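Notes follow the structure.
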Amino acid sequence: MTTPAPVVRGRVLSGHNRISTQALTSVARVAAAQALGVDAQDVRADWTDDDGLLALSLVAPIGVPPLQSVVMDRGRAEAAGGSIWDRTIKAKASILATVSELSGSRLSRVDIRISGARISTGGRVR
């Protein structure tokens with residue numbers, strides 16, 4: 001899809017805008033960290049070409065409530081967003097939407113591999 005060049009004070013502005021892979025990766029890591037309830041430094045992001053679109057692969061832990069609190073309050077897992085599987089499915093959609101919106105890039109998909117669990121000692125897991 002081609003968009004027309006912007007016009008400022010009657011002048012057509014030409015040129016190119018580029019977003020570096022490093023900038024895209026930073027956006028993806030932060031979006032994933034927020035969706036999974038972990039620190040951005042714990043998220044690894046890789047990009048591949050998928051027939052002209054970007055495919056994002058993530059490897060990250062997921063934030064979980066302490067098991068003792070889940071045993072004492074069975075509703076705690078649901079309050080945290082459900083099972084790890086359910087939360088990962090929701091995170092895919094959230095990450096795809098956030099990265100697309102912030103970067104203007106078109107992503108074909110987001111693949112997530114959960115590499116571990118981070119115990120959330122504070123408030124509720126997102």
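Each chain of the structure tokens is named A, B, ... in the order shown, its residues numbered from 1; ligands are numbered from 1 in display order.
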Query raised in the report: So which residues touch Ala91 (chain A) within 8 Å, counting only C-alpha atoms, skipping near sequence neighbours fewer than 4 positions away, as an NGL selection string?
Result: :A and (32 or 35-36 or 87 or 95)
Since we have the selection now, will you write its residues out, keeping all heavy atoms, as a tab-separated table (two decimals), in the first residue's frame?
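Wrote selection.tsv, looks like this:
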```tsv
chain	number	residue	atom	x	y	z
A	32	ALA	N	6.12	-7.38	24.67
A	32	ALA	CA	6.05	-8.75	25.18
A	32	ALA	C	6.19	-8.77	26.70
A	32	ALA	O	5.47	-9.51	27.39
A	32	ALA	CB	7.13	-9.61	24.54
A	35	ALA	N	2.93	-7.76	28.24
A	35	ALA	CA	1.88	-8.78	28.05
A	35	ALA	C	2.12	-10.02	28.90
A	35	ALA	O	1.17	-10.69	29.31
A	35	ALA	CB	1.79	-9.16	26.58
A	36	LEU	N	3.40	-10.34	29.15
A	36	LEU	CA	3.73	-11.57	29.88
A	36	LEU	C	4.06	-11.34	31.35
A	36	LEU	O	4.28	-12.29	32.10
A	36	LEU	CB	4.90	-12.28	29.19
A	36	LEU	CG	4.61	-12.73	27.75
A	36	LEU	CD1	5.90	-13.22	27.09
A	36	LEU	CD2	3.56	-13.83	27.74
A	87	ARG	N	-3.00	-17.26	28.71
A	87	ARG	CA	-2.32	-15.97	28.77
A	87	ARG	C	-1.38	-15.78	27.59
A	87	ARG	O	-1.24	-14.67	27.08
A	87	ARG	CB	-1.56	-15.84	30.09
A	87	ARG	CG	-2.53	-15.69	31.27
A	87	ARG	CD	-1.82	-15.57	32.59
A	87	ARG	NE	-0.84	-14.51	32.54
A	87	ARG	CZ	0.33	-14.55	33.18
A	87	ARG	NH1	0.64	-15.59	33.93
A	87	ARG	NH2	1.17	-13.55	33.10
A	95	ILE	N	0.59	-8.30	21.64
A	95	ILE	CA	1.92	-7.94	21.14
A	95	ILE	C	1.85	-7.55	19.67
A	95	ILE	O	2.41	-6.52	19.26
A	95	ILE	CB	2.92	-9.09	21.36
A	95	ILE	CG1	3.13	-9.32	22.86
A	95	ILE	CG2	4.24	-8.82	20.64
A	95	ILE	CD1	3.75	-10.66	23.21
```
Query raised in the report: Where does DSSP see alpha helix (DSSP H) in region 8-57 of chain A, if you list the residues as a PyMOL selection string?
Result: chain A and resi 21-36
Query raised in the report: Excluding same-chain residues fewer than 3 positions from Asp39 (chain A), what lies within 10 Å of it counting only C-alpha atoms, as a PyMOL selection string?
Result: chain A and resi 29-30+32-34+36+42-43+60-63+118
With all heavy atoms retained, write the just-selected residues as a compact mmCIF listing (two decimals), in the first residue's frame.
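The new file again-v6.txt reads:
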```txt
# COMPACT_ATOMS: atom_id res chain seq x y z
N ARG A 29 10.22 -6.20 22.49
CA ARG A 29 10.59 -6.71 23.81
C ARG A 29 9.75 -6.07 24.91
O ARG A 29 9.30 -6.75 25.84
CB ARG A 29 12.08 -6.49 24.07
CG ARG A 29 12.96 -7.38 23.20
CD ARG A 29 14.43 -7.12 23.38
NE ARG A 29 14.81 -7.43 24.75
CZ ARG A 29 15.85 -6.89 25.37
NH1 ARG A 29 16.60 -6.00 24.76
NH2 ARG A 29 16.14 -7.25 26.60
N VAL A 30 9.52 -4.77 24.81
CA VAL A 30 8.72 -4.09 25.83
C VAL A 30 7.25 -4.53 25.74
O VAL A 30 6.62 -4.79 26.77
CB VAL A 30 8.85 -2.55 25.69
CG1 VAL A 30 7.85 -1.83 26.59
CG2 VAL A 30 10.27 -2.12 26.04
N ALA A 32 6.12 -7.38 24.67
CA ALA A 32 6.05 -8.75 25.18
C ALA A 32 6.19 -8.77 26.70
O ALA A 32 5.47 -9.51 27.39
CB ALA A 32 7.13 -9.61 24.54
N ALA A 33 7.09 -7.98 27.23
CA ALA A 33 7.29 -7.93 28.68
C ALA A 33 6.02 -7.49 29.39
O ALA A 33 5.62 -8.09 30.39
CB ALA A 33 8.44 -6.98 29.01
N GLN A 34 5.35 -6.49 28.85
CA GLN A 34 4.10 -6.03 29.46
C GLN A 34 3.02 -7.10 29.37
O GLN A 34 2.29 -7.33 30.33
CB GLN A 34 3.62 -4.75 28.79
CG GLN A 34 4.48 -3.56 29.13
CD GLN A 34 4.03 -2.29 28.41
OE1 GLN A 34 3.26 -2.33 27.47
NE2 GLN A 34 4.54 -1.16 28.88
N LEU A 36 3.40 -10.34 29.15
CA LEU A 36 3.73 -11.57 29.88
C LEU A 36 4.06 -11.34 31.35
O LEU A 36 4.28 -12.29 32.10
CB LEU A 36 4.90 -12.28 29.19
CG LEU A 36 4.61 -12.73 27.75
CD1 LEU A 36 5.90 -13.22 27.09
CD2 LEU A 36 3.56 -13.83 27.74
N ASP A 42 14.39 -9.73 29.98
CA ASP A 42 14.24 -11.19 29.98
C ASP A 42 13.68 -11.73 28.66
O ASP A 42 13.54 -12.94 28.50
CB ASP A 42 13.32 -11.64 31.12
CG ASP A 42 13.93 -11.38 32.49
OD1 ASP A 42 15.17 -11.34 32.59
OD2 ASP A 42 13.16 -11.21 33.45
N VAL A 43 13.33 -10.83 27.74
CA VAL A 43 12.68 -11.23 26.49
C VAL A 43 13.70 -11.21 25.35
O VAL A 43 14.43 -10.24 25.19
CB VAL A 43 11.51 -10.27 26.15
CG1 VAL A 43 10.86 -10.66 24.83
CG2 VAL A 43 10.49 -10.25 27.28
N ALA A 60 10.64 -16.02 26.09
CA ALA A 60 10.53 -15.26 27.33
C ALA A 60 9.93 -16.11 28.43
O ALA A 60 9.18 -17.04 28.15
CB ALA A 60 9.66 -14.03 27.13
N PRO A 61 10.23 -15.75 29.67
CA PRO A 61 9.49 -16.38 30.78
C PRO A 61 8.13 -15.70 30.89
O PRO A 61 7.86 -14.72 30.19
CB PRO A 61 10.38 -16.06 31.99
CG PRO A 61 11.04 -14.77 31.62
CD PRO A 61 11.25 -14.83 30.13
N ILE A 62 7.29 -16.22 31.75
CA ILE A 62 5.99 -15.60 32.00
C ILE A 62 5.85 -15.39 33.50
O ILE A 62 6.32 -16.21 34.30
CB ILE A 62 4.84 -16.47 31.43
CG1 ILE A 62 3.52 -15.71 31.44
CG2 ILE A 62 4.74 -17.81 32.14
CD1 ILE A 62 2.42 -16.36 30.63
N GLY A 63 5.24 -14.29 33.88
CA GLY A 63 5.01 -14.02 35.29
C GLY A 63 3.87 -14.88 35.83
O GLY A 63 2.83 -15.00 35.17
N ARG A 118 8.48 -16.59 36.10
CA ARG A 118 8.99 -15.61 37.07
C ARG A 118 7.90 -15.43 38.11
O ARG A 118 6.77 -15.06 37.78
CB ARG A 118 9.29 -14.27 36.41
CG ARG A 118 10.42 -14.29 35.42
CD ARG A 118 11.77 -14.37 36.14
NE ARG A 118 12.86 -14.20 35.20
CZ ARG A 118 13.47 -15.18 34.56
NH1 ARG A 118 13.08 -16.43 34.76
NH2 ARG A 118 14.47 -14.96 33.76
```
Report task. To one decimal in Å, tell me the separation between CA of Leu54 (chain A) and CA of Arg109 (chain A). Result ->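 The value is 7.5 Å.
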